[in-house]
Structures are given as structure tokens and as C-alpha cells.
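Printed here is run.json (JSON, C-alpha atoms):
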```
[["chain", "number", "residue", "atom", "x", "y", "z"],
["A", 1, "MET", "CA", 40.57, 102.19, -24.99],
["A", 2, "SER", "CA", 40.07, 100.95, -21.42],
["A", 3, "GLU", "CA", 37.51, 102.83, -19.29],
["A", 4, "GLN", "CA", 40.11, 103.49, -16.57],
["A", 5, "TYR", "CA", 42.13, 105.64, -18.97],
["A", 6, "LYS", "CA", 39.31, 107.63, -20.52],
["A", 7, "ALA", "CA", 38.67, 110.18, -17.75],
["A", 8, "PRO", "CA", 42.28, 111.33, -17.24],
["A", 9, "PHE", "CA", 42.87, 111.48, -20.99],
["A", 10, "GLU", "CA", 39.69, 113.44, -21.67],
["A", 11, "GLU", "CA", 40.56, 115.84, -18.84],
["A", 12, "LYS", "CA", 43.95, 116.38, -20.46],
["A", 13, "LEU", "CA", 42.33, 116.96, -23.85],
["A", 14, "LEU", "CA", 39.87, 119.45, -22.35],
["A", 15, "ALA", "CA", 42.74, 121.28, -20.64],
["A", 16, "CYS", "CA", 44.52, 121.51, -23.99],
["A", 17, "GLN", "CA", 41.38, 122.86, -25.65],
["A", 18, "GLN", "CA", 41.10, 125.59, -23.03],
["A", 19, "HIS", "CA", 44.81, 126.43, -23.21],
["A", 20, "THR", "CA", 44.67, 126.61, -27.02],
["A", 21, "ASN", "CA", 41.58, 128.81, -26.95],
["A", 22, "ASP", "CA", 43.20, 131.14, -24.41],
["A", 23, "LYS", "CA", 46.31, 131.46, -26.57],
["A", 24, "LEU", "CA", 44.24, 132.06, -29.71],
["A", 25, "MET", "CA", 42.19, 134.75, -27.95],
["A", 26, "ALA", "CA", 45.38, 136.43, -26.74],
["A", 27, "ILE", "CA", 46.68, 136.50, -30.32],
["A", 28, "PHE", "CA", 43.41, 137.93, -31.63],
["A", 29, "ALA", "CA", 43.34, 140.53, -28.86],
["A", 30, "SER", "CA", 46.68, 141.83, -30.11],
["A", 31, "LEU", "CA", 45.44, 142.33, -33.67],
["A", 32, "PRO", "CA", 44.41, 145.76, -34.96],
["A", 33, "PHE", "CA", 40.82, 146.11, -36.12],
["A", 34, "LEU", "CA", 39.80, 143.00, -34.16],
["A", 35, "ASN", "CA", 36.14, 144.10, -34.15],
["A", 36, "SER", "CA", 36.05, 144.63, -37.92],
["A", 37, "PRO", "CA", 34.01, 142.18, -40.04],
["A", 38, "LEU", "CA", 37.21, 140.37, -41.02],
["A", 39, "GLY", "CA", 38.55, 140.18, -37.47],
["A", 40, "THR", "CA", 35.21, 138.89, -36.20],
["A", 41, "ALA", "CA", 35.03, 136.25, -38.94],
["A", 42, "MET", "CA", 38.61, 135.10, -38.25],
["A", 43, "GLN", "CA", 37.92, 134.75, -34.55],
["A", 44, "TYR", "CA", 34.64, 132.93, -35.20],
["A", 45, "GLY", "CA", 36.30, 130.42, -37.52],
["A", 46, "ALA", "CA", 39.22, 129.75, -35.20],
["A", 47, "VAL", "CA", 37.58, 129.65, -31.77],
["A", 48, "LEU", "CA", 34.26, 128.00, -32.65],
["A", 49, "GLY", "CA", 34.72, 124.75, -30.73],
["A", 50, "GLY", "CA", 36.94, 121.98, -32.06],
["A", 51, "LYS", "CA", 38.82, 119.11, -30.44],
["A", 52, "ARG", "CA", 42.22, 120.81, -30.91],
["A", 53, "LEU", "CA", 43.81, 117.48, -31.80],
["A", 54, "ARG", "CA", 46.65, 119.07, -33.74],
["A", 55, "PRO", "CA", 47.74, 121.34, -30.87],
["A", 56, "PHE", "CA", 47.26, 118.37, -28.55],
["A", 57, "LEU", "CA", 49.69, 116.39, -30.70],
["A", 58, "VAL", "CA", 52.22, 119.22, -30.58],
["A", 59, "TYR", "CA", 52.01, 119.45, -26.79],
["A", 60, "SER", "CA", 51.98, 115.67, -26.26],
["A", 61, "VAL", "CA", 55.03, 115.01, -28.43],
["A", 62, "GLY", "CA", 56.79, 117.99, -26.87],
["A", 63, "GLU", "CA", 55.97, 116.66, -23.42],
["A", 64, "MET", "CA", 57.58, 113.37, -24.42],
["A", 65, "PHE", "CA", 60.84, 115.32, -24.89],
["A", 66, "GLY", "CA", 60.37, 117.21, -21.63],
["A", 67, "LEU", "CA", 59.67, 120.54, -23.33],
["A", 68, "PRO", "CA", 57.65, 123.24, -21.51],
["A", 69, "LYS", "CA", 54.42, 124.53, -23.04],
["A", 70, "LYS", "CA", 56.04, 127.93, -23.66],
["A", 71, "SER", "CA", 58.40, 126.31, -26.16],
["A", 72, "LEU", "CA", 55.47, 124.71, -28.00],
["A", 73, "ASP", "CA", 52.74, 127.36, -27.92],
["A", 74, "ALA", "CA", 53.74, 129.06, -31.18],
["A", 75, "ALA", "CA", 53.75, 125.79, -33.13],
["A", 76, "ALA", "CA", 50.46, 124.62, -31.60],
["A", 77, "ILE", "CA", 48.64, 127.88, -32.29],
["A", 78, "ALA", "CA", 50.11, 128.24, -35.79],
["A", 79, "ILE", "CA", 48.95, 124.81, -36.89],
["A", 80, "GLU", "CA", 45.49, 125.42, -35.43],
["A", 81, "CYS", "CA", 45.24, 128.64, -37.45],
["A", 82, "ILE", "CA", 46.07, 126.66, -40.60],
["A", 83, "HIS", "CA", 43.49, 124.03, -39.65],
["A", 84, "ALA", "CA", 40.84, 126.71, -39.01],
["A", 85, "TYR", "CA", 41.53, 128.35, -42.37],
["A", 86, "SER", "CA", 41.25, 124.97, -44.11],
["A", 87, "LEU", "CA", 37.83, 124.31, -42.55],
["A", 88, "ILE", "CA", 36.49, 127.75, -43.48],
["A", 89, "HIS", "CA", 37.51, 127.23, -47.11],
["A", 90, "ASP", "CA", 36.46, 123.56, -47.14],
["A", 91, "ASP", "CA", 32.91, 124.59, -46.18],
["A", 92, "LEU", "CA", 32.56, 127.14, -49.01],
["A", 93, "PRO", "CA", 29.98, 126.54, -51.78],
["A", 94, "ALA", "CA", 32.77, 125.94, -54.30],
["A", 95, "MET", "CA", 34.17, 123.18, -52.09],
["A", 96, "ASP", "CA", 31.94, 121.02, -49.86],
["A", 97, "ASN", "CA", 29.11, 123.57, -49.54],
["A", 98, "ASP", "CA", 28.43, 122.88, -45.85],
["A", 99, "ASP", "CA", 26.15, 125.07, -43.75],
["A", 100, "LEU", "CA", 27.06, 123.53, -40.38],
["A", 101, "ARG", "CA", 30.42, 123.25, -38.65],
["A", 102, "ARG", "CA", 30.71, 122.12, -35.02],
["A", 103, "GLY", "CA", 26.96, 122.51, -34.69],
["A", 104, "GLN", "CA", 27.00, 126.20, -35.70],
["A", 105, "PRO", "CA", 26.53, 128.05, -39.00],
["A", 106, "THR", "CA", 29.66, 127.85, -41.13],
["A", 107, "CYS", "CA", 31.73, 131.00, -41.54],
["A", 108, "HIS", "CA", 30.37, 131.90, -44.98],
["A", 109, "ILE", "CA", 26.78, 131.37, -43.83],
["A", 110, "LYS", "CA", 27.28, 133.75, -40.91],
["A", 111, "PHE", "CA", 29.50, 136.39, -42.52],
["A", 112, "GLY", "CA", 29.14, 135.91, -46.28],
["A", 113, "GLU", "CA", 31.45, 134.23, -48.77],
["A", 114, "SER", "CA", 33.78, 137.20, -49.29],
["A", 115, "GLN", "CA", 34.55, 137.64, -45.60],
["A", 116, "ALA", "CA", 34.90, 133.88, -45.12],
["A", 117, "ILE", "CA", 37.46, 133.64, -47.94],
["A", 118, "LEU", "CA", 39.41, 136.57, -46.50],
["A", 119, "ALA", "CA", 39.20, 135.12, -42.98],
["A", 120, "GLY", "CA", 40.76, 131.89, -44.21],
["A", 121, "ASP", "CA", 43.45, 133.80, -46.09],
["A", 122, "ALA", "CA", 44.25, 135.95, -43.06],
["A", 123, "LEU", "CA", 44.42, 132.95, -40.70],
["A", 124, "GLN", "CA", 46.88, 131.28, -43.04],
["A", 125, "SER", "CA", 49.12, 134.35, -43.02],
["A", 126, "LEU", "CA", 48.73, 134.69, -39.25],
["A", 127, "ALA", "CA", 50.03, 131.15, -38.75],
["A", 128, "PHE", "CA", 53.38, 132.01, -40.31],
["A", 129, "GLU", "CA", 53.58, 135.34, -38.50],
["A", 130, "ILE", "CA", 53.16, 133.44, -35.22],
["A", 131, "LEU", "CA", 55.88, 130.92, -36.10],
["A", 132, "ALA", "CA", 58.23, 133.71, -37.16],
["A", 133, "LYS", "CA", 57.66, 136.14, -34.29],
["A", 134, "GLN", "CA", 56.29, 134.45, -31.17],
["A", 135, "ASP", "CA", 58.63, 133.55, -28.33],
["A", 136, "MET", "CA", 59.99, 129.97, -28.42],
["A", 137, "PRO", "CA", 62.22, 129.54, -25.36],
["A", 138, "ASN", "CA", 65.15, 127.14, -25.92],
["A", 139, "VAL", "CA", 64.29, 126.56, -29.59],
["A", 140, "ALA", "CA", 67.20, 127.27, -31.95],
["A", 141, "LEU", "CA", 66.69, 129.66, -34.87],
["A", 142, "SER", "CA", 67.59, 126.90, -37.34],
["A", 143, "ASP", "CA", 64.84, 124.73, -35.86],
["A", 144, "ARG", "CA", 62.35, 127.60, -36.06],
["A", 145, "LEU", "CA", 63.17, 128.02, -39.75],
["A", 146, "ALA", "CA", 62.69, 124.28, -40.28],
["A", 147, "MET", "CA", 59.28, 124.56, -38.63],
["A", 148, "ILE", "CA", 58.21, 127.41, -40.92],
["A", 149, "ALA", "CA", 59.28, 125.41, -43.99],
["A", 150, "GLU", "CA", 57.52, 122.31, -42.66],
["A", 151, "LEU", "CA", 54.20, 124.04, -42.08],
["A", 152, "ALA", "CA", 54.35, 125.70, -45.50],
["A", 153, "SER", "CA", 54.94, 122.35, -47.18],
["A", 154, "ALA", "CA", 52.23, 120.55, -45.17],
["A", 155, "SER", "CA", 49.60, 123.19, -45.89],
["A", 156, "GLY", "CA", 50.36, 123.78, -49.57],
["A", 157, "PHE", "CA", 50.54, 121.96, -52.89],
["A", 158, "ALA", "CA", 52.51, 119.01, -51.49],
["A", 159, "GLY", "CA", 50.15, 118.64, -48.55],
["A", 160, "MET", "CA", 46.67, 119.76, -47.59],
["A", 161, "CYS", "CA", 45.82, 121.90, -50.63],
["A", 162, "GLY", "CA", 47.04, 119.21, -52.99],
["A", 163, "GLY", "CA", 44.90, 116.64, -51.21],
["A", 164, "GLN", "CA", 41.85, 118.89, -51.37],
["A", 165, "SER", "CA", 42.36, 119.32, -55.11],
["A", 166, "LEU", "CA", 42.59, 115.56, -55.63],
["A", 167, "ASP", "CA", 39.45, 115.12, -53.54],
["A", 168, "LEU", "CA", 37.50, 117.60, -55.65],
["A", 169, "GLU", "CA", 38.68, 115.97, -58.87],
["A", 170, "ALA", "CA", 37.54, 112.56, -57.62],
["A", 171, "GLU", "CA", 33.96, 113.62, -56.82],
["A", 172, "GLY", "CA", 31.45, 111.59, -58.79],
["A", 173, "LYS", "CA", 34.17, 109.23, -60.06],
["A", 174, "GLN", "CA", 35.01, 105.70, -59.03],
["A", 175, "ILE", "CA", 38.56, 105.52, -57.63],
["A", 176, "ASP", "CA", 40.52, 102.70, -56.03],
["A", 177, "LEU", "CA", 41.71, 102.40, -52.44],
["A", 178, "ALA", "CA", 45.27, 103.52, -53.24],
["A", 179, "SER", "CA", 43.97, 106.72, -54.81],
["A", 180, "LEU", "CA", 41.69, 107.38, -51.85],
["A", 181, "GLU", "CA", 44.58, 106.95, -49.44],
["A", 182, "GLN", "CA", 46.70, 109.31, -51.51],
["A", 183, "ILE", "CA", 43.98, 111.96, -51.18],
["A", 184, "HIS", "CA", 43.68, 111.64, -47.43],
["A", 185, "ARG", "CA", 47.37, 111.27, -46.61],
["A", 186, "HIS", "CA", 47.57, 114.77, -48.07],
["A", 187, "LYS", "CA", 44.22, 116.38, -47.26],
["A", 188, "THR", "CA", 43.89, 115.21, -43.65],
["A", 189, "GLY", "CA", 47.15, 113.46, -42.83],
["A", 190, "ALA", "CA", 49.55, 116.26, -43.81],
["A", 191, "LEU", "CA", 48.66, 118.56, -40.92],
["A", 192, "ILE", "CA", 48.61, 115.68, -38.45],
["A", 193, "ARG", "CA", 52.10, 114.63, -39.56],
["A", 194, "SER", "CA", 53.16, 118.26, -39.42],
["A", 195, "SER", "CA", 52.00, 118.50, -35.79],
["A", 196, "VAL", "CA", 54.46, 115.83, -34.67],
["A", 197, "ARG", "CA", 57.20, 117.22, -36.90],
["A", 198, "LEU", "CA", 56.84, 120.71, -35.44],
["A", 199, "ALA", "CA", 57.13, 119.31, -31.93],
["A", 200, "ALA", "CA", 60.12, 117.18, -32.92],
["A", 201, "TYR", "CA", 61.91, 120.18, -34.46],
["A", 202, "SER", "CA", 61.25, 122.07, -31.23],
["A", 203, "ALA", "CA", 63.31, 119.40, -29.47],
["A", 204, "GLY", "CA", 66.25, 119.84, -31.85],
["A", 205, "GLN", "CA", 68.51, 116.87, -32.52],
["A", 206, "ARG", "CA", 66.70, 114.61, -30.04],
["A", 207, "GLY", "CA", 63.51, 115.09, -32.02],
["A", 208, "ARG", "CA", 65.13, 114.51, -35.38],
["A", 209, "GLU", "CA", 66.65, 111.22, -34.19],
["A", 210, "VAL", "CA", 63.22, 109.65, -33.62],
["A", 211, "LEU", "CA", 61.32, 111.53, -36.33],
["A", 212, "PRO", "CA", 60.87, 108.43, -38.56],
["A", 213, "LEU", "CA", 59.05, 106.64, -35.73],
["A", 214, "LEU", "CA", 56.92, 109.68, -34.94],
["A", 215, "GLU", "CA", 56.04, 109.97, -38.62],
["A", 216, "ARG", "CA", 54.96, 106.32, -38.75],
["A", 217, "TYR", "CA", 52.68, 106.98, -35.81],
["A", 218, "ALA", "CA", 51.33, 110.20, -37.33],
["A", 219, "GLN", "CA", 50.69, 108.61, -40.73],
["A", 220, "ALA", "CA", 48.70, 105.82, -39.10],
["A", 221, "ILE", "CA", 46.53, 108.04, -36.89],
["A", 222, "GLY", "CA", 46.11, 110.61, -39.68],
["A", 223, "LEU", "CA", 44.59, 108.02, -41.98],
["A", 224, "ALA", "CA", 42.62, 106.44, -39.12],
["A", 225, "PHE", "CA", 41.13, 109.87, -38.37],
["A", 226, "GLN", "CA", 39.80, 110.16, -41.93],
["A", 227, "VAL", "CA", 38.54, 106.56, -42.04],
["A", 228, "HIS", "CA", 36.61, 107.17, -38.82],
["A", 229, "ASP", "CA", 35.27, 110.49, -40.15],
["A", 230, "ASP", "CA", 33.92, 108.60, -43.16],
["A", 231, "ILE", "CA", 32.31, 106.08, -40.82],
["A", 232, "LEU", "CA", 30.72, 108.86, -38.74],
["A", 233, "ASP", "CA", 29.22, 110.32, -41.92],
["A", 234, "ILE", "CA", 27.17, 107.11, -42.12],
["A", 235, "ILE", "CA", 26.49, 106.16, -38.50],
["A", 236, "GLY", "CA", 26.90, 109.51, -36.74],
["A", 237, "ASN", "CA", 24.24, 111.90, -35.50],
["A", 238, "THR", "CA", 24.15, 115.42, -36.97],
["A", 239, "GLU", "CA", 23.69, 117.01, -33.53],
["A", 240, "VAL", "CA", 26.68, 115.10, -32.14],
["A", 241, "ILE", "CA", 29.12, 115.30, -35.06],
["A", 242, "GLY", "CA", 28.27, 118.98, -35.60],
["A", 243, "LYS", "CA", 27.83, 118.77, -39.39],
["A", 244, "ARG", "CA", 25.29, 117.27, -41.77],
["A", 245, "GLN", "CA", 25.30, 113.48, -41.47],
["A", 246, "GLY", "CA", 25.40, 111.86, -44.90],
["A", 247, "ASN", "CA", 26.85, 114.93, -46.63],
["A", 248, "ASP", "CA", 29.71, 112.95, -48.19],
["A", 249, "GLN", "CA", 27.25, 110.58, -49.84],
["A", 250, "GLN", "CA", 25.18, 113.47, -51.19],
["A", 251, "LEU", "CA", 28.30, 115.03, -52.75],
["A", 252, "GLY", "CA", 29.29, 111.75, -54.38],
["A", 253, "LYS", "CA", 32.57, 111.62, -52.47],
["A", 254, "ASN", "CA", 34.71, 108.51, -52.39],
["A", 255, "THR", "CA", 34.86, 107.21, -48.83],
["A", 256, "TYR", "CA", 36.24, 104.14, -47.09],
["A", 257, "PRO", "CA", 32.80, 102.66, -46.32],
["A", 258, "ALA", "CA", 31.79, 103.22, -49.95],
["A", 259, "LEU", "CA", 34.86, 101.36, -51.21],
["A", 260, "LEU", "CA", 35.24, 98.72, -48.49],
["A", 261, "GLY", "CA", 31.84, 98.46, -46.83],
["A", 262, "LEU", "CA", 31.16, 99.65, -43.30],
["A", 263, "GLU", "CA", 32.55, 96.62, -41.45],
["A", 264, "GLN", "CA", 35.78, 96.55, -43.47],
["A", 265, "ALA", "CA", 36.19, 100.31, -43.00],
["A", 266, "GLN", "CA", 35.88, 99.82, -39.24],
["A", 267, "GLN", "CA", 38.49, 97.05, -39.43],
["A", 268, "LYS", "CA", 40.74, 99.38, -41.44],
["A", 269, "ALA", "CA", 40.58, 101.92, -38.62],
["A", 270, "ARG", "CA", 41.49, 99.24, -36.07],
["A", 271, "ASP", "CA", 44.42, 98.07, -38.22],
["A", 272, "LEU", "CA", 45.75, 101.62, -38.44],
["A", 273, "TYR", "CA", 45.42, 101.95, -34.67],
["A", 274, "GLU", "CA", 47.61, 98.85, -34.29],
["A", 275, "GLU", "CA", 50.16, 100.32, -36.71],
["A", 276, "ALA", "CA", 50.34, 103.43, -34.55],
["A", 277, "LEU", "CA", 50.96, 101.33, -31.44],
["A", 278, "ILE", "CA", 53.83, 99.47, -33.12],
["A", 279, "ALA", "CA", 55.61, 102.76, -33.81],
["A", 280, "LEU", "CA", 55.08, 103.83, -30.20],
["A", 281, "THR", "CA", 56.50, 100.55, -28.93],
["A", 282, "GLU", "CA", 59.74, 101.34, -30.76],
["A", 283, "LEU", "CA", 59.81, 104.76, -29.08],
["A", 284, "GLU", "CA", 59.30, 103.15, -25.69],
["A", 285, "LYS", "CA", 62.40, 101.02, -26.31],
["A", 286, "ARG", "CA", 64.29, 104.32, -26.40],
["A", 287, "SER", "CA", 62.88, 105.21, -22.96],
["A", 288, "TYR", "CA", 60.20, 107.65, -24.14],
["A", 289, "ASP", "CA", 56.85, 107.82, -22.36],
["A", 290, "THR", "CA", 54.20, 107.37, -25.04],
["A", 291, "ALA", "CA", 51.15, 106.84, -22.79],
["A", 292, "THR", "CA", 49.34, 109.98, -23.95],
["A", 293, "LEU", "CA", 50.00, 109.26, -27.62],
["A", 294, "LYS", "CA", 48.61, 105.74, -27.15],
["A", 295, "LYS", "CA", 45.42, 107.09, -25.63],
["A", 296, "LEU", "CA", 45.08, 109.60, -28.43],
["A", 297, "ALA", "CA", 45.29, 106.82, -31.04],
["A", 298, "GLY", "CA", 42.43, 105.02, -29.28],
["A", 299, "PHE", "CA", 40.39, 108.17, -28.97],
["A", 300, "ILE", "CA", 40.65, 108.86, -32.71],
["A", 301, "ILE", "CA", 38.90, 105.62, -33.67],
["A", 302, "GLU", "CA", 36.36, 105.70, -30.82],
["A", 303, "ARG", "CA", 35.17, 109.34, -30.88],
["A", 304, "ASN", "CA", 31.58, 110.14, -31.81],
["A", 305, "SER", "CA", 32.29, 113.53, -33.37]]
```
Represent the structure of the file as C-alpha cells.
Amino acid sequence: MSEQYKAPFEEKLLACQQHTNDKLMAIFASLPFLNSPLGTAMQYGAVLGGKRLRPFLVYSVGEMFGLPKKSLDAAAIAIECIHAYSLIHDDLPAMDNDDLRRGQPTCHIKFGESQAILAGDALQSLAFEILAKQDMPNVALSDRLAMIAELASASGFAGMCGGQSLDLEAEGKQIDLASLEQIHRHKTGALIRSSVRLAAYSAGQRGREVLPLLERYAQAIGLAFQVHDDILDIIGNTEVIGKRQGNDQQLGKNTYPALLGLEQAQQKARDLYEEALIALTELEKRSYDTATLKKLAGFIIERNS
């Protein structure tokens, strides 16, 4: 990614992070018993830092269709609640047993396992309450229903949870590249694909017409995100990446560097970046501005955390 594009893009990403945090805090402020142990744990898990890439995808794709933020807020916040719940549960002793997340104690370390499990459960429910109830100006009811079904599919057996299960089953076993990609197209990629789908459904028929191209883009960056995460587990710094460096190796997880070697894993990430750009080129032929999505694809394989 060229230096001249980094500053404006990063400013836009930071603005999205702040906007997402503000919307999350407004949602939490409306909840009863916010200051209870459960409410505090939910808020901690959801607002404790994070790049907000999934909301950023929702807003960026929506912007491509000329949609205002108000039409996209519910989808962006809902998918971030699902993502937050997934991280809380992923860190649990029965899963990855992590004690650091975003440079801070993980939810179960700070509040105990029981409250962390309930916080994840409650955030998952909250996501669907947001999609069902929050205002979505100019979004048809049929499209809202499609969004609810989409997020349920992406976060459940056919998506993220299914991928997590496959990942756990593969620990300590030697698997091939196709099996590894199957894990991560579900575990990590499902919510990234869902982000662009939610934004496309918000745009109605216009969004559905180009959904195959958006999905090609999302599949490429979703896998690239995981490949780069695996690379950071080897070359990253614990203080920068916000979690224990080398944790995947200690758990005996199958990773792209383990299967391909570090240099080939880095090449894999670059190849996926190029795949994403090809899909965006096809969108540009239909007169869509994909500049932000291009910069996001570059950011995903260049980030240090």
C-alpha cells in the first residue's frame, strides 16, 4: 500500500472505530442492569479496543452504494457484537486458553469463566435484537429479514461456530492445506463475508446484483486476514499484537507458516490480496468507487496487529 494513501485511510479507520464505539456505548447505556457483573463483562468484551474491521466493511460497502451511516449502523453494531462474543468464547480455557486480548486481560481472566460465558451469550442475543429493532432508514423489511438470516447462518454451525469446531478437532493433528482453508473460510472468513452481505442487503436489489463480486472480494480478504494472523503469531511482538506471540505453536494449531513455511505463507497473503483486487476491478467496471476497499485489502496484509 503506497505511503500517500496510508494516512487518509488510517484516519478513516480511526473514525470508524470511534463511531462504532460510540454506537456500542449508546446501546449498552440503554440496557437494564448495565452496572451488574454481566453488563460490565459484556461492555468490557465489546469495547476493549479492536480494529473494527467488520463494521468498517459494512460502512465501506454501504458507502459504495451511497447509503448513509444511519442505514448501516444496526448491521455494523450487530456484527461487532457477534465478533466480540466469539473472541470472549475463543479465549476461554476450553478453547484457546488465552489470558491476553488486545493487550488487556481476557474477559474470563478479569470476570471469571461463568460471567465471560454469559457475556458472550448475551452479546450474541443482543446482535439479533439490534438487527430486529434498531432503526434502518430506507431499508426494506424483506432486506432486514434477509440480514437477520444471514448473520445467523454466518455465526452458527454453517459459519463461525462450525469453523471453530473444525479448528479444535484439528489441534495436534497434521492436516492438509485444503482442510486448513476450510477451517478458516468458516472460522474467520464467515463474519467477514457476512459484513459485505449485510451492507449489500441494505442496498436492496442494487446490492444483490453485485453480491457475487463482493463475495469474491470478501473471501479473499477473509482468508488473507487469517494467513497474516498466522504470520504475526511467528514474527509479531506480544505488546503490539495484543496477545501472546507464539500461542498457536504452543497449542499445536495448524497454521499457514507451519504448512507452507513463512515465505510461502507471506506469498499466499499477497496472492489473496491480488484476488481481492481483481474482484474490485470488476466492480469498478460497473462504475462503483472501490478505493476504500482496495486500501483495506492492503491494510489487512500489512498490519502489525
With stretch 282-295 of chain A as the partner and 8 Å as the cut-off, tabulate the residues of stretch 35-137 of chain A that qualify, each row holding the nearest pair of atoms and their distance in Å to one decimal, using all atoms listed in the file, sorted by chain and rising number, as a tab-separated table.
```
residue	atom	partner	partner_atom	distance
A:Leu57	CA	A:Leu293	CA	7.8
A:Ser60	CA	A:Thr292	CA	6.7
A:Val61	CA	A:Leu293	CA	7.7
A:Met64	CA	A:Asp289	CA	6.0
A:Phe65	CA	A:Tyr288	CA	7.7
```
Legend entry - Using all atoms listed in the file: which of A:Thr188, A:Glu113, A:Phe299, A:Gly45 has the shortest distance to A:Arg101: A:Gly45
Write out as an mmCIF file with C-alpha atoms, in the coordinates of the input the residues lying within 8 Å of A:Ala75, counting only C-alpha atoms and excluding same-chain residues fewer than 6 positions away.
```cif
data_model
loop_
_atom_site.group_PDB
_atom_site.id
_atom_site.type_symbol
_atom_site.label_atom_id
_atom_site.label_comp_id
_atom_site.auth_asym_id
_atom_site.auth_seq_id
_atom_site.Cartn_x
_atom_site.Cartn_y
_atom_site.Cartn_z
ATOM 1 C CA PRO A 55 47.740 121.340 -30.870
ATOM 2 C CA VAL A 58 52.220 119.220 -30.580
ATOM 3 C CA ILE A 130 53.160 133.440 -35.220
ATOM 4 C CA LEU A 131 55.880 130.920 -36.100
ATOM 5 C CA MET A 147 59.280 124.560 -38.630
ATOM 6 C CA SER A 195 52.000 118.500 -35.790
ATOM 7 C CA LEU A 198 56.840 120.710 -35.440
ATOM 8 C CA ALA A 199 57.130 119.310 -31.930
#
```
Using only C-alpha atoms, I'd like a table of the residues in stretch 13-92 of chain A that come within 12 Å of stretch 117-121 of chain A; for each, show the closest atom pair and its distance in Å rounded to one decimal, ordered by chain and ascending number, as CSV.
```
residue,atom,partner,partner_atom,distance
A:Leu34,CA,A:Ala119,CA,11.8
A:Ser36,CA,A:Ala119,CA,11.2
A:Pro37,CA,A:Ala119,CA,9.2
A:Leu38,CA,A:Ala119,CA,5.9
A:Gly39,CA,A:Ala119,CA,7.5
A:Thr40,CA,A:Ala119,CA,8.7
A:Ala41,CA,A:Ala119,CA,5.9
A:Met42,CA,A:Ala119,CA,4.8
A:Gln43,CA,A:Ala119,CA,8.5
A:Tyr44,CA,A:Ala119,CA,9.3
A:Gly45,CA,A:Ala119,CA,7.8
A:Ala46,CA,A:Gly120,CA,9.4
A:Glu80,CA,A:Gly120,CA,11.9
A:Cys81,CA,A:Gly120,CA,8.7
A:Ile82,CA,A:Gly120,CA,8.3
A:His83,CA,A:Gly120,CA,9.5
A:Ala84,CA,A:Gly120,CA,7.3
A:Tyr85,CA,A:Gly120,CA,4.1
A:Ser86,CA,A:Gly120,CA,6.9
A:Leu87,CA,A:Gly120,CA,8.3
A:Ile88,CA,A:Gly120,CA,6.0
A:His89,CA,A:Gly120,CA,6.4
A:Asp90,CA,A:Gly120,CA,9.8
A:Asp91,CA,A:Ile117,CA,10.3
A:Leu92,CA,A:Ile117,CA,8.2
```
Inset, instruction - Please measure the separation of atom CA of A:Ala203 and atom CA of A:Ala190, giving the value in Å to one decimal. - result: 20.1 Å
Inset, instruction - Identify, on the basis of all atoms listed in the file, every residue whose closest approach to stretch 216-226 of chain A does not exceed 10 Å; exclude the query and any residue fewer than 6 positions from it along the same chain; express the result as JSON, numbers by chain. - result: {"A": [57, 181, 182, 184, 185, 186, 187, 188, 189, 190, 191, 192, 193, 194, 195, 196, 197, 232, 255, 256, 265, 266, 268, 269, 270, 271, 272, 273, 274, 275, 276, 277, 278, 279, 280, 293, 294, 296, 297, 298, 299, 300, 301, 302, 303]}
Legend entry - Atomic separation - atom CA of A:Leu180 relative to atom CA of A:Val227, Å: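 Computed distance, atom CA of A:Val227 to atom CA of A:Leu180, equals 10.3 Å.
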Inset, instruction - Rank nothing, just name the residue among A:Asp176, A:Asp73, A:Glu169, A:Asp98 nearest to A:Asp135, using only C-alpha atoms. - result: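 So, comparing all the options, the nearest one is A:Asp73.
Take atom CA of A:Met136 and atom CA of A:Lys70: the distance between them is 6.5 Å.
The point (35.9, 110.9, -56.7) has these residues within 9 Å of it, counting all atoms listed in the file: Leu166, Asp167, Leu168, Glu169, Ala170, Glu171, Gly172, Lys173, Gln174, Ile175, Leu180, Gly252, Lys253, Asn254 and Thr255 of chain A.
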